[in-house]
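J.: I am sharing work-v1.txt, which consists of compact mmCIF, C-alpha atoms and all ligand atoms:
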```txt
# COMPACT_ATOMS: atom_id res chain seq x y z
CA MET A 1 150.74 119.11 86.22
CA ASP A 2 150.54 122.68 85.05
CA ARG A 3 148.43 122.04 82.02
CA TYR A 4 145.08 122.02 83.84
CA SER A 5 145.99 124.41 86.66
CA ARG A 6 143.50 127.14 85.72
CA GLN A 7 140.74 124.58 85.54
CA THR A 8 141.54 122.88 88.83
CA LEU A 9 141.67 126.30 90.50
CA PHE A 10 138.03 126.61 89.55
CA ALA A 11 136.51 125.26 92.76
CA PRO A 12 133.55 123.27 91.35
CA ILE A 13 136.02 121.20 89.32
CA GLY A 14 139.14 121.14 91.49
CA LYS A 15 141.74 118.35 91.45
CA GLU A 16 139.10 115.76 92.19
CA GLY A 17 136.96 116.84 89.24
CA GLN A 18 139.99 116.85 86.98
CA GLN A 19 140.71 113.24 87.93
CA LYS A 20 137.10 112.27 87.21
CA LEU A 21 137.28 114.01 83.84
CA ARG A 22 140.40 112.00 83.06
CA GLU A 23 138.48 108.75 83.60
CA LYS A 24 135.55 109.61 81.36
CA HIS A 25 134.68 108.63 77.81
CA VAL A 26 132.61 110.94 75.61
CA LEU A 27 130.97 109.97 72.34
CA MET A 28 130.57 112.78 69.83
CA ILE A 29 128.10 112.17 67.05
CA GLY A 30 128.97 114.55 64.23
CA ALA A 31 132.12 116.56 63.60
CA GLY A 32 130.76 119.67 61.94
CA ALA A 33 130.52 123.07 63.57
CA LEU A 34 129.17 121.93 66.95
CA GLY A 35 131.29 118.79 66.93
CA THR A 36 134.60 120.53 66.35
CA GLY A 37 133.81 123.18 68.97
CA ASN A 38 132.80 120.67 71.63
CA ALA A 39 135.63 118.32 70.79
CA GLU A 40 138.30 120.97 71.06
CA ALA A 41 136.96 122.22 74.38
CA LEU A 42 136.74 118.75 75.94
CA VAL A 43 140.13 117.65 74.65
CA ARG A 44 141.75 120.80 75.98
CA ALA A 45 139.93 120.26 79.28
CA GLY A 46 141.49 116.80 79.57
CA VAL A 47 138.71 114.27 79.07
CA GLY A 48 140.00 110.70 79.13
CA LYS A 49 138.72 109.46 75.81
CA LEU A 50 136.78 110.96 72.94
CA THR A 51 135.13 108.94 70.21
CA ILE A 52 134.12 110.89 67.12
CA ALA A 53 131.80 109.59 64.41
CA ASP A 54 131.06 111.54 61.25
CA ARG A 55 129.94 110.62 57.75
CA ASP A 56 131.23 113.61 55.82
CA TYR A 57 134.48 115.07 54.54
CA VAL A 58 135.86 118.60 54.82
CA GLU A 59 134.75 121.15 52.23
CA TRP A 60 135.61 124.80 51.70
CA SER A 61 132.23 125.99 52.96
CA ASN A 62 133.01 124.37 56.34
CA LEU A 63 136.06 126.48 57.09
CA GLN A 64 134.09 129.59 58.11
CA ARG A 65 132.96 127.90 61.34
CA GLN A 66 134.31 124.37 61.77
CA GLN A 67 137.26 125.25 63.91
CA LEU A 68 139.46 122.16 63.66
CA TYR A 69 139.82 122.17 59.88
CA SER A 70 142.29 123.74 57.51
CA GLU A 71 142.45 124.60 53.82
CA GLU A 72 144.58 121.51 53.31
CA ASP A 73 141.81 119.31 54.73
CA ALA A 74 139.31 120.85 52.30
CA GLU A 75 141.74 120.60 49.39
CA ASN A 76 142.28 116.89 50.04
CA ARG A 77 138.70 116.12 51.04
CA ILE A 78 139.81 114.52 54.30
CA PRO A 79 136.98 112.85 56.21
CA LYS A 80 136.02 115.07 59.12
CA ALA A 81 136.52 112.39 61.78
CA ILE A 82 140.09 111.83 60.55
CA ALA A 83 140.94 115.53 60.19
CA ALA A 84 139.48 116.22 63.64
CA LYS A 85 141.49 113.42 65.22
CA THR A 86 144.72 114.65 63.62
CA ARG A 87 144.21 118.20 64.88
CA LEU A 88 142.99 117.15 68.34
CA SER A 89 146.00 114.90 68.87
CA LEU A 90 148.25 117.91 68.29
CA ILE A 91 146.26 119.90 70.84
CA ASN A 92 146.37 117.30 73.60
CA SER A 93 148.28 114.07 73.04
CA GLN A 94 147.17 112.74 76.44
CA VAL A 95 143.60 112.24 75.29
CA GLU A 96 142.73 108.99 73.57
CA ILE A 97 140.84 109.79 70.38
CA GLU A 98 138.97 107.28 68.27
CA ALA A 99 137.71 108.31 64.83
CA HIS A 100 134.98 106.60 62.83
CA VAL A 101 134.12 107.57 59.26
CA LEU A 102 130.59 106.33 59.03
CA ASP A 103 126.95 107.17 58.84
CA ILE A 104 125.58 105.78 62.03
CA THR A 105 123.00 103.03 62.04
CA PRO A 106 121.44 101.54 65.18
CA GLN A 107 123.79 98.54 64.99
CA GLU A 108 126.84 100.78 64.97
CA MET A 109 125.32 102.93 67.66
CA GLU A 110 125.11 99.84 69.91
CA GLN A 111 128.84 99.27 69.50
CA LEU A 112 129.84 102.91 69.88
CA VAL A 113 128.05 103.45 73.21
CA ASN A 114 130.07 100.73 74.92
CA ASN A 115 131.61 102.25 78.10
CA VAL A 116 130.49 105.75 77.17
CA ASP A 117 129.68 108.21 79.98
CA LEU A 118 128.12 110.95 77.87
CA ILE A 119 126.95 111.51 74.32
CA ILE A 120 127.20 114.91 72.70
CA ASP A 121 124.83 115.61 69.85
CA ALA A 122 126.60 117.46 67.08
CA THR A 123 124.56 116.15 64.18
CA ASP A 124 122.61 118.17 61.66
CA ASN A 125 119.45 116.09 61.48
CA PHE A 126 116.63 114.76 63.65
CA ASP A 127 116.80 111.19 62.36
CA THR A 128 120.16 110.73 64.00
CA ARG A 129 119.15 112.71 67.11
CA LEU A 130 116.17 110.46 67.74
CA MET A 131 118.47 107.47 67.36
CA ILE A 132 120.85 109.02 69.92
CA ASN A 133 117.85 109.66 72.14
CA ASP A 134 116.76 106.01 72.06
CA ILE A 135 120.20 104.51 72.55
CA ALA A 136 120.80 106.91 75.43
CA GLN A 137 117.56 105.86 77.12
CA LYS A 138 118.24 102.19 76.50
CA HIS A 139 121.74 102.31 78.03
CA ASN A 140 121.03 105.01 80.59
CA ILE A 141 123.55 107.51 79.21
CA PRO A 142 123.00 111.27 79.48
CA TRP A 143 123.20 113.26 76.25
CA ILE A 144 123.21 116.90 75.28
CA TYR A 145 121.09 118.18 72.43
CA GLY A 146 122.43 121.19 70.56
CA ALA A 147 121.47 122.79 67.28
CA CYS A 148 121.81 126.08 65.48
CA VAL A 149 120.83 127.86 62.31
CA SER A 150 121.42 131.46 61.17
CA SER A 151 121.91 133.40 64.43
CA TYR A 152 119.67 131.10 66.46
CA GLY A 153 120.61 128.24 68.75
CA ILE A 154 119.07 125.78 71.20
CA SER A 155 120.30 123.26 73.75
CA TYR A 156 118.93 120.83 76.29
CA THR A 157 120.50 118.22 78.54
CA ILE A 158 118.68 114.91 78.63
CA VAL A 159 119.22 112.65 81.64
CA PRO A 160 117.46 109.26 81.40
CA GLY A 161 115.17 108.55 84.32
CA ASP A 162 115.06 112.22 85.22
CA THR A 163 114.29 114.72 82.45
CA PRO A 164 111.89 114.44 79.52
CA CYS A 165 113.54 112.96 76.42
CA LEU A 166 113.69 114.35 72.90
CA ASN A 167 110.83 112.12 71.79
CA CYS A 168 108.64 113.56 74.58
CA LEU A 169 109.44 117.06 73.36
CA LEU A 170 109.14 116.64 69.62
CA GLU A 171 106.27 114.17 69.29
CA THR A 172 106.98 114.18 65.57
CA VAL A 173 110.14 114.33 63.51
CA PRO A 174 110.48 117.89 62.26
CA LEU A 175 110.82 117.81 58.49
CA GLY A 176 112.64 120.29 56.33
CA GLY A 177 112.68 123.54 58.21
CA ALA A 178 115.39 126.08 58.57
CA THR A 179 118.26 123.58 58.87
CA CYS A 180 119.36 122.94 55.42
CA ASP A 181 118.07 125.38 52.97
CA THR A 182 118.99 128.95 52.73
CA ALA A 183 119.18 130.33 56.24
CA GLY A 184 122.95 130.05 56.62
CA ILE A 185 124.79 130.14 59.93
CA ILE A 186 127.15 132.52 61.68
CA SER A 187 129.90 131.21 63.92
CA PRO A 188 128.89 133.07 67.13
CA ALA A 189 125.65 131.07 67.13
CA VAL A 190 127.73 127.90 66.88
CA GLN A 191 130.06 129.02 69.66
CA MET A 192 127.16 129.88 71.95
CA VAL A 193 125.60 126.44 71.58
CA VAL A 194 129.04 124.88 72.04
CA ALA A 195 129.45 126.84 75.29
CA TYR A 196 126.05 125.64 76.56
CA GLN A 197 126.86 122.04 75.62
CA THR A 198 130.44 122.00 76.90
CA VAL A 199 129.63 123.44 80.29
CA GLU A 200 126.88 120.87 80.82
CA ALA A 201 129.30 118.17 79.66
CA LEU A 202 131.87 119.28 82.24
CA LYS A 203 129.26 119.23 85.01
CA ILE A 204 128.23 115.69 84.06
CA LEU A 205 131.80 114.45 83.67
CA VAL A 206 132.89 115.78 87.06
CA GLU A 207 129.62 114.41 88.46
CA ASP A 208 128.26 117.71 89.68
CA TRP A 209 124.69 116.72 88.78
CA SER A 210 123.03 119.31 90.97
CA SER A 211 124.54 122.11 88.90
CA LEU A 212 122.93 121.04 85.63
CA ARG A 213 120.94 123.80 83.95
CA ARG A 214 117.76 121.73 83.69
CA LYS A 215 116.12 124.26 81.37
CA LEU A 216 115.62 124.31 77.63
CA VAL A 217 117.68 127.25 76.50
CA SER A 218 117.44 129.12 73.21
CA PHE A 219 118.75 132.40 71.86
CA ASP A 220 118.95 134.57 68.81
CA LEU A 221 122.18 136.53 68.93
CA TRP A 222 121.29 138.86 66.06
CA VAL A 223 117.97 140.06 67.44
CA ASN A 224 119.24 140.00 71.05
CA GLN A 225 116.85 137.48 72.53
CA GLN A 226 117.26 134.61 74.90
CA THR A 227 114.96 132.31 76.77
CA ALA A 228 115.26 129.48 79.24
CA ILE A 229 112.17 127.48 80.10
CA ASP A 230 111.52 124.72 82.57
CA ILE A 231 110.13 121.79 80.60
CA SER A 232 110.29 119.06 83.23
CA LYS A 233 106.50 118.72 83.04
CA ALA A 234 106.76 117.72 79.38
CA LYS A 235 107.89 114.19 80.33
CA LYS A 236 105.34 111.68 79.09
CA GLU A 237 104.61 108.43 80.90
CA ASP A 238 103.59 106.73 77.67
CA CYS A 239 106.63 107.93 75.70
CA LEU A 240 107.97 105.05 73.58
CA SER A 241 111.54 106.14 74.23
CA CYS A 242 111.58 106.98 77.95
CA GLY A 243 108.15 105.95 79.27
CA LYS A 244 107.00 102.93 81.25
CA ASN A 245 107.09 100.49 78.34
CA PRO A 246 109.76 101.71 75.96
CA THR A 247 110.15 100.17 72.50
CA TYR A 248 112.94 102.51 71.31
CA PRO A 249 111.25 103.05 67.94
CA PHE A 250 114.18 104.88 66.36
CA LEU A 251 116.51 101.93 66.81
CA SER A 252 114.36 99.76 64.58
CA TYR A 253 115.39 99.17 61.01
CA GLU A 254 112.12 100.41 59.51
CA ASN A 255 112.70 103.89 60.86
CA GLN A 256 116.03 104.30 59.13
CA THR A 257 116.46 106.56 56.15
CA LYS A 258 118.47 104.95 53.40
CA THR A 259 118.77 108.12 51.41
CA ALA A 260 119.15 111.56 52.85
CA ILE A 261 119.43 115.03 51.38
CA LEU A 262 122.37 116.69 53.08
CA CYS A 263 122.16 120.03 54.77
CA GLY A 264 122.15 122.89 52.27
CA ARG A 265 124.53 121.17 49.92
CA ASP A 266 122.74 120.07 46.82
CA THR A 267 123.75 116.57 47.78
CA VAL A 268 122.03 113.25 48.25
CA GLN A 269 123.53 110.48 50.33
CA ILE A 270 122.83 106.88 49.44
CA ARG A 271 123.59 104.06 51.82
CA PRO A 272 123.43 100.49 50.54
CA SER A 273 120.82 98.43 52.36
CA VAL A 274 123.42 95.81 53.18
CA SER A 275 126.58 97.15 54.72
CA GLN A 276 129.67 96.55 52.60
CA THR A 277 133.25 97.71 52.31
CA ARG A 278 134.20 99.09 48.93
CA ASN A 279 137.46 98.35 47.21
CA LEU A 280 138.52 101.83 46.15
CA ASP A 281 141.44 100.64 43.99
CA GLN A 282 139.14 98.47 41.96
CA LEU A 283 136.61 101.26 41.65
CA GLU A 284 139.32 103.66 40.51
CA LYS A 285 140.27 101.32 37.69
CA MET A 286 136.68 100.77 36.72
CA LEU A 287 135.69 104.44 36.74
CA SER A 288 138.77 105.77 34.97
CA GLY A 289 137.44 104.02 31.88
CA GLN A 290 134.29 106.15 32.12
CA ASN A 291 133.65 109.63 30.86
CA GLY A 292 134.82 111.62 33.89
CA THR A 293 137.60 112.47 36.32
CA VAL A 294 138.61 110.20 39.18
CA GLU A 295 140.42 111.37 42.31
CA LYS A 296 141.20 109.20 45.30
CA ASN A 297 142.57 109.44 48.83
CA PRO A 298 142.87 106.61 51.35
CA TYR A 299 139.30 107.10 52.58
CA LEU A 300 137.22 107.98 49.57
CA LEU A 301 137.05 108.25 45.83
CA SER A 302 135.58 111.14 43.93
CA PHE A 303 134.23 110.77 40.40
CA THR A 304 133.17 113.88 38.51
CA THR A 305 131.08 113.59 35.40
CA GLY A 306 129.46 116.65 33.85
CA GLU A 307 127.68 118.68 36.54
CA GLN A 308 127.62 115.80 38.99
CA ARG A 309 130.11 114.28 41.32
CA LEU A 310 129.92 110.96 43.11
CA VAL A 311 131.94 110.63 46.28
CA ILE A 312 132.30 107.01 47.27
CA PHE A 313 133.32 106.10 50.80
CA LYS A 314 135.05 102.91 51.90
CA ASP A 315 132.15 102.15 54.23
CA GLY A 316 129.82 101.81 51.25
CA ARG A 317 128.10 105.18 51.25
CA VAL A 318 127.93 107.42 48.24
CA LEU A 319 127.33 111.15 48.15
CA VAL A 320 125.85 112.41 44.92
CA HIS A 321 126.66 116.10 44.54
CA GLY A 322 124.95 118.43 42.13
CA THR A 323 121.40 117.28 42.78
CA LYS A 324 118.70 117.44 45.42
CA ASP A 325 116.62 114.88 43.58
CA ILE A 326 116.76 111.44 45.19
CA THR A 327 115.65 109.64 42.04
CA GLU A 328 118.25 111.36 39.90
CA ALA A 329 120.88 110.57 42.51
CA LYS A 330 119.87 106.92 42.57
CA THR A 331 119.99 106.77 38.79
CA LEU A 332 123.58 108.00 38.79
CA TYR A 333 124.45 105.66 41.63
CA HIS A 334 123.11 102.64 39.82
CA ARG A 335 124.61 103.72 36.51
CA TYR A 336 128.15 103.68 37.89
CA LEU A 337 128.02 101.40 40.87
CA GLY A 338 125.45 98.79 39.89
CA MET B 1 97.41 143.89 72.22
CA LYS B 2 100.82 143.85 73.87
CA LEU B 3 102.59 140.61 74.75
CA HIS B 4 105.92 139.86 76.37
CA ILE B 5 107.51 137.39 73.98
CA ASN B 6 110.96 135.97 74.72
CA GLY B 7 111.65 138.95 76.93
CA ASP B 8 110.58 141.63 74.46
CA MET B 9 107.37 143.66 74.50
CA VAL B 10 105.65 142.92 71.18
CA GLU B 11 102.53 144.51 69.69
CA VAL B 12 100.34 141.99 67.87
CA PRO B 13 96.96 142.42 66.13
CA ASP B 14 93.91 142.07 68.39
CA THR B 15 92.48 139.52 65.96
CA ILE B 16 94.85 136.98 67.49
CA THR B 17 93.04 135.17 70.27
CA THR B 18 94.82 131.85 70.75
CA VAL B 19 98.37 130.56 71.05
CA SER B 20 98.10 128.73 67.73
CA GLY B 21 96.88 131.97 66.14
CA LEU B 22 99.95 133.67 67.52
CA LEU B 23 102.26 130.96 66.15
CA GLU B 24 100.61 131.38 62.77
CA HIS B 25 101.21 135.13 62.97
CA PHE B 26 104.92 134.46 63.42
CA GLU B 27 104.86 131.73 60.74
CA LEU B 28 105.77 129.12 63.31
CA ASN B 29 102.59 127.03 62.92
CA ASN B 30 104.37 124.34 60.87
CA LYS B 31 107.43 124.30 63.07
CA VAL B 32 108.12 122.21 66.13
CA VAL B 33 108.02 124.55 69.10
CA MET B 34 107.62 124.52 72.86
CA VAL B 35 105.51 127.31 74.27
CA GLU B 36 105.43 128.59 77.82
CA ARG B 37 102.60 130.94 78.78
CA ASN B 38 102.78 132.79 82.06
CA GLU B 39 105.34 130.25 83.27
CA ASP B 40 103.24 127.25 82.32
CA ILE B 41 104.44 124.81 79.68
CA LEU B 42 101.64 124.20 77.19
CA ASP B 43 100.70 120.80 75.87
CA LYS B 44 100.79 120.75 72.07
CA GLU B 45 97.18 119.58 71.92
CA THR B 46 95.94 122.62 73.82
CA LEU B 47 97.59 125.34 71.73
CA SER B 48 94.46 126.02 69.69
CA GLU B 49 92.31 126.38 72.83
CA THR B 50 94.71 128.37 74.96
CA LYS B 51 93.81 132.05 74.91
CA VAL B 52 96.33 134.83 74.70
CA GLU B 53 95.49 138.05 76.48
CA ASP B 54 97.01 141.49 76.71
CA GLY B 55 100.06 141.45 78.96
CA ASP B 56 100.67 137.70 78.72
CA LYS B 57 104.22 136.52 79.11
CA LEU B 58 105.16 133.97 76.46
CA GLU B 59 108.34 132.08 75.71
CA ILE B 60 108.50 130.39 72.34
CA VAL B 61 111.34 127.98 71.60
CA GLN B 62 111.77 126.45 68.18
CA PHE B 63 113.51 123.12 67.63
CA VAL B 64 115.99 123.34 64.80
CA GLY B 65 118.16 120.68 63.24
CA GLY B 66 121.38 122.33 62.10
CA GLY B 67 124.71 121.86 63.70
ZN ZN C 401 110.37 110.53 76.33
```
Render the structure in this file as structure tokens.
Ligand SMILES: [Zn+2]
T.:
Amino acid sequence: MDRYSRQTLFAPIGKEGQQKLREKHVLMIGAGALGTGNAEALVRAGVGKLTIADRDYVEWSNLQRQQLYSEEDAENRIPKAIAAKTRLSLINSQVEIEAHVLDITPQEMEQLVNNVDLIIDATDNFDTRLMINDIAQKHNIPWIYGACVSSYGISYTIVPGDTPCLNCLLETVPLGGATCDTAGIISPAVQMVVAYQTVEALKILVEDWSSLRRKLVSFDLWVNQQTAIDISKAKKEDCLSCGKNPTYPFLSYENQTKTAILCGRDTVQIRPSVSQTRNLDQLEKMLSGQNGTVEKNPYLLSFTTGEQRLVIFKDGRVLVHGTKDITEAKTLYHRYLG
Amino acid sequence: MKLHINGDMVEVPDTITTVSGLLEHFELNNKVVMVERNEDILDKETLSETKVEDGDKLEIVQFVGGG
């Protein structure tokens, strides 16, 4: 078929590589800037199946860099996983795409990694990355770390049993930092990380392991710097994620955050301790009697009252907009949702 | 003292004597970073003992969360 001709002409992929790509299943955690970039590239390249999991919905501030989304998606607050799937299916209908609107817990992670050949990290937080890291080690699945902020980006490919893992490298969970706050992000930094991640993904999917970069790469596009360092010596024998006696600490319930302040958004997410499906119709009735405005689409319900807005997802989660204060967010949550 | 940092020649005060002093100078002391000095990856525990000297070649990579 003509569709992939320019890619199969590229000798390291060839017809054989294309066939391998067609048989592979990639799990994408996150569908923000990095997620949409990676997803579009892999879907155009002809991966067999792509599973996308994301907890958020499209907002206007996403459109500057999150390449799969439109004004209509932002207008209607379409969950990112759904909006991404819709767009990706138009780009390449031959790729099987599975969308999950959820905030991943270890239990869900266990289900999602079933028959997955590669995980691409497109999240915006280290809690989820360390969970990806543990599940990847446990099931022997390679994964590709990528992150960016302002004009800076970083990527590393983690192969269980071979390279150091993220837990070896971090030692602690970085808190706060440049992610969320005020640093902003420009799209070339996103695209650069996407390029580093996608090319490694292609190498893994066509099984050209010897071509992997193997170095931790970072760059700052605005100040014209880039580095690539060999960190293979950073692998730790006593690492609890990839060492001799792994316990996979980030898959245990105690290490899960139940509330999270979302990246640069004046928003707190609250996840009920017991997973539950919400009846949005019922909620709509209940909340329309309150002092506020209710809007609903098939996936979520938004309730605005004064300066604050609660966005309630079917999967139980609630985003409280208009505050960074967890206590205040919880107060609102309990006031309206019990 | 002159150091090669991430490919650029950078002038830093002579009062800086260790890698952790250097990270502090760049306000990276509270950040999660990997540091390579003269092509050697440094263990996090040794950053405060590892000397920096004129002409050293350093690569500093910061882990960030955004995406
Ligand atoms: Zn490890």
J.: Distance limit 8 Å, reference ligand ZN 401 (chain C), atoms considered: only C-alpha atoms and all ligand atoms. Which residues make the cut? Give them as an mmCIF file with C-alpha atoms, keeping the file's coordinate frame.
T.:
```cif
data_model
loop_
_atom_site.group_PDB
_atom_site.id
_atom_site.type_symbol
_atom_site.label_atom_id
_atom_site.label_comp_id
_atom_site.auth_asym_id
_atom_site.auth_seq_id
_atom_site.Cartn_x
_atom_site.Cartn_y
_atom_site.Cartn_z
ATOM 1 C CA PRO A 164 111.890 114.440 79.520
ATOM 2 C CA CYS A 165 113.540 112.960 76.420
ATOM 3 C CA LEU A 166 113.690 114.350 72.900
ATOM 4 C CA ASN A 167 110.830 112.120 71.790
ATOM 5 C CA CYS A 168 108.640 113.560 74.580
ATOM 6 C CA LEU A 169 109.440 117.060 73.360
ATOM 7 C CA LYS A 235 107.890 114.190 80.330
ATOM 8 C CA LYS A 236 105.340 111.680 79.090
ATOM 9 C CA GLU A 237 104.610 108.430 80.900
ATOM 10 C CA ASP A 238 103.590 106.730 77.670
ATOM 11 C CA CYS A 239 106.630 107.930 75.700
ATOM 12 C CA LEU A 240 107.970 105.050 73.580
ATOM 13 C CA SER A 241 111.540 106.140 74.230
ATOM 14 C CA CYS A 242 111.580 106.980 77.950
ATOM 15 C CA GLY A 243 108.150 105.950 79.270
#
```
J.: Counting all atoms listed in the file, which residues in chain B sit no more than 6 Å from chain A? For each one, give the nearest pair of atoms and the distance in Å, sorted by chain then residue number, as CSV.
T.:
```
residue,atom,partner,partner_atom,distance
B:Asn6,CA,A:Thr227,CA,5.8
B:Gly65,CA,A:Asn125,CA,5.1
B:Gly66,CA,A:Asp124,CA,4.4
B:Gly67,CA,A:Asp124,CA,4.7
```
J.: Using only C-alpha atoms, please write the residues we just selected to a file, as an mmCIF file, in the frame of the given file.
T.:
```
data_model
loop_
_atom_site.group_PDB
_atom_site.id
_atom_site.type_symbol
_atom_site.label_atom_id
_atom_site.label_comp_id
_atom_site.auth_asym_id
_atom_site.auth_seq_id
_atom_site.Cartn_x
_atom_site.Cartn_y
_atom_site.Cartn_z
ATOM 1 C CA ASN B 6 110.960 135.970 74.720
ATOM 2 C CA GLY B 65 118.160 120.680 63.240
ATOM 3 C CA GLY B 66 121.380 122.330 62.100
ATOM 4 C CA GLY B 67 124.710 121.860 63.700
#
```
J.: Between CA of Leu319 (chain A) and CA of Gln197 (chain A), what is the distance in Å, rounded to a tenth?
T.: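 Spanning CA of Leu319 (chain A) to CA of Gln197 (chain A) is a straight-line distance of 29.6 Å.
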J.: Need the shell around Asn291 (chain A): protein/DNA/RNA residues with any atom at most 10 Å away, counting only C-alpha atoms. Skip same-chain ones fewer than 3 positions apart. Format as a list in words?
T.: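 Selected residues are Leu287, Ser288, Val294, Phe303, Thr304, Thr305 and Gly306 of chain A.
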J.: Restricting it to C-alpha atoms, dump the selection as a tab-separated table (two decimals), in the frame of the given file.
T.:
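Listing of again.tsv after writing:
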```tsv
chain	number	residue	atom	x	y	z
A	287	LEU	CA	135.69	104.44	36.74
A	288	SER	CA	138.77	105.77	34.97
A	294	VAL	CA	138.61	110.20	39.18
A	303	PHE	CA	134.23	110.77	40.40
A	304	THR	CA	133.17	113.88	38.51
A	305	THR	CA	131.08	113.59	35.40
A	306	GLY	CA	129.46	116.65	33.85
```
J.: What's the separation between CA of Ser48 (chain B) and CA of Val33 (chain B), in Å to one decimal place?
T.: 13.7 Å
J.: Taking the structure in the block just given, could you write region 12-32 of chain B with N, CA and C atoms, as a PDB file, in the first residue's frame?
T.:
```
ATOM      1  N   VAL B  12      32.452  31.261  36.299  1.00  0.00           N
ATOM      2  CA  VAL B  12      31.779  31.248  37.605  1.00  0.00           C
ATOM      3  C   VAL B  12      32.746  31.750  38.676  1.00  0.00           C
ATOM      4  N   PRO B  13      32.213  32.281  39.798  1.00  0.00           N
ATOM      5  CA  PRO B  13      33.084  32.812  40.848  1.00  0.00           C
ATOM      6  C   PRO B  13      34.043  31.745  41.394  1.00  0.00           C
ATOM      7  N   ASP B  14      35.256  32.157  41.722  1.00  0.00           N
ATOM      8  CA  ASP B  14      36.252  31.226  42.253  1.00  0.00           C
ATOM      9  C   ASP B  14      35.883  30.676  43.626  1.00  0.00           C
ATOM     10  N   THR B  15      34.911  31.327  44.280  1.00  0.00           N
ATOM     11  CA  THR B  15      34.493  30.847  45.600  1.00  0.00           C
ATOM     12  C   THR B  15      33.793  29.491  45.511  1.00  0.00           C
ATOM     13  N   ILE B  16      33.373  29.136  44.314  1.00  0.00           N
ATOM     14  CA  ILE B  16      32.728  27.828  44.140  1.00  0.00           C
ATOM     15  C   ILE B  16      33.815  26.759  44.062  1.00  0.00           C
ATOM     16  N   THR B  17      33.700  25.762  44.959  1.00  0.00           N
ATOM     17  CA  THR B  17      34.737  24.735  44.977  1.00  0.00           C
ATOM     18  C   THR B  17      34.202  23.330  44.721  1.00  0.00           C
ATOM     19  N   THR B  18      32.902  23.135  44.974  1.00  0.00           N
ATOM     20  CA  THR B  18      32.341  21.792  44.808  1.00  0.00           C
ATOM     21  C   THR B  18      31.169  21.803  43.825  1.00  0.00           C
ATOM     22  N   VAL B  19      30.781  20.594  43.417  1.00  0.00           N
ATOM     23  CA  VAL B  19      29.648  20.474  42.495  1.00  0.00           C
ATOM     24  C   VAL B  19      28.370  20.989  43.151  1.00  0.00           C
ATOM     25  N   SER B  20      28.178  20.677  44.456  1.00  0.00           N
ATOM     26  CA  SER B  20      26.942  21.172  45.076  1.00  0.00           C
ATOM     27  C   SER B  20      26.963  22.692  45.199  1.00  0.00           C
ATOM     28  N   GLY B  21      28.146  23.267  45.383  1.00  0.00           N
ATOM     29  CA  GLY B  21      28.258  24.725  45.378  1.00  0.00           C
ATOM     30  C   GLY B  21      27.869  25.303  44.030  1.00  0.00           C
ATOM     31  N   LEU B  22      28.265  24.610  42.993  1.00  0.00           N
ATOM     32  CA  LEU B  22      27.935  25.045  41.639  1.00  0.00           C
ATOM     33  C   LEU B  22      26.423  24.977  41.387  1.00  0.00           C
ATOM     34  N   LEU B  23      25.807  23.878  41.860  1.00  0.00           N
ATOM     35  CA  LEU B  23      24.354  23.733  41.686  1.00  0.00           C
ATOM     36  C   LEU B  23      23.615  24.839  42.427  1.00  0.00           C
ATOM     37  N   GLU B  24      24.143  25.178  43.602  1.00  0.00           N
ATOM     38  CA  GLU B  24      23.549  26.260  44.378  1.00  0.00           C
ATOM     39  C   GLU B  24      23.649  27.580  43.609  1.00  0.00           C
ATOM     40  N   HIS B  25      24.804  27.803  43.008  1.00  0.00           N
ATOM     41  CA  HIS B  25      25.034  29.009  42.218  1.00  0.00           C
ATOM     42  C   HIS B  25      23.989  29.151  41.112  1.00  0.00           C
ATOM     43  N   PHE B  26      23.616  28.030  40.507  1.00  0.00           N
ATOM     44  CA  PHE B  26      22.613  28.065  39.444  1.00  0.00           C
ATOM     45  C   PHE B  26      21.193  27.825  39.969  1.00  0.00           C
ATOM     46  N   GLU B  27      21.047  27.870  41.284  1.00  0.00           N
ATOM     47  CA  GLU B  27      19.742  27.647  41.940  1.00  0.00           C
ATOM     48  C   GLU B  27      19.134  26.302  41.562  1.00  0.00           C
ATOM     49  N   LEU B  28      19.987  25.315  41.463  1.00  0.00           N
ATOM     50  CA  LEU B  28      19.509  23.966  41.133  1.00  0.00           C
ATOM     51  C   LEU B  28      19.640  23.024  42.331  1.00  0.00           C
ATOM     52  N   ASN B  29      20.040  23.575  43.495  1.00  0.00           N
ATOM     53  CA  ASN B  29      20.332  22.723  44.655  1.00  0.00           C
ATOM     54  C   ASN B  29      19.103  21.989  45.189  1.00  0.00           C
ATOM     55  N   ASN B  30      17.893  22.559  44.960  1.00  0.00           N
ATOM     56  CA  ASN B  30      16.692  21.867  45.425  1.00  0.00           C
ATOM     57  C   ASN B  30      16.022  21.073  44.312  1.00  0.00           C
ATOM     58  N   LYS B  31      16.662  21.011  43.177  1.00  0.00           N
ATOM     59  CA  LYS B  31      16.056  20.328  42.045  1.00  0.00           C
ATOM     60  C   LYS B  31      16.651  18.917  41.908  1.00  0.00           C
ATOM     61  N   VAL B  32      15.946  18.073  41.189  1.00  0.00           N
ATOM     62  CA  VAL B  32      16.500  16.744  40.944  1.00  0.00           C
ATOM     63  C   VAL B  32      17.300  16.794  39.643  1.00  0.00           C
TER      64      VAL B  32
END
```
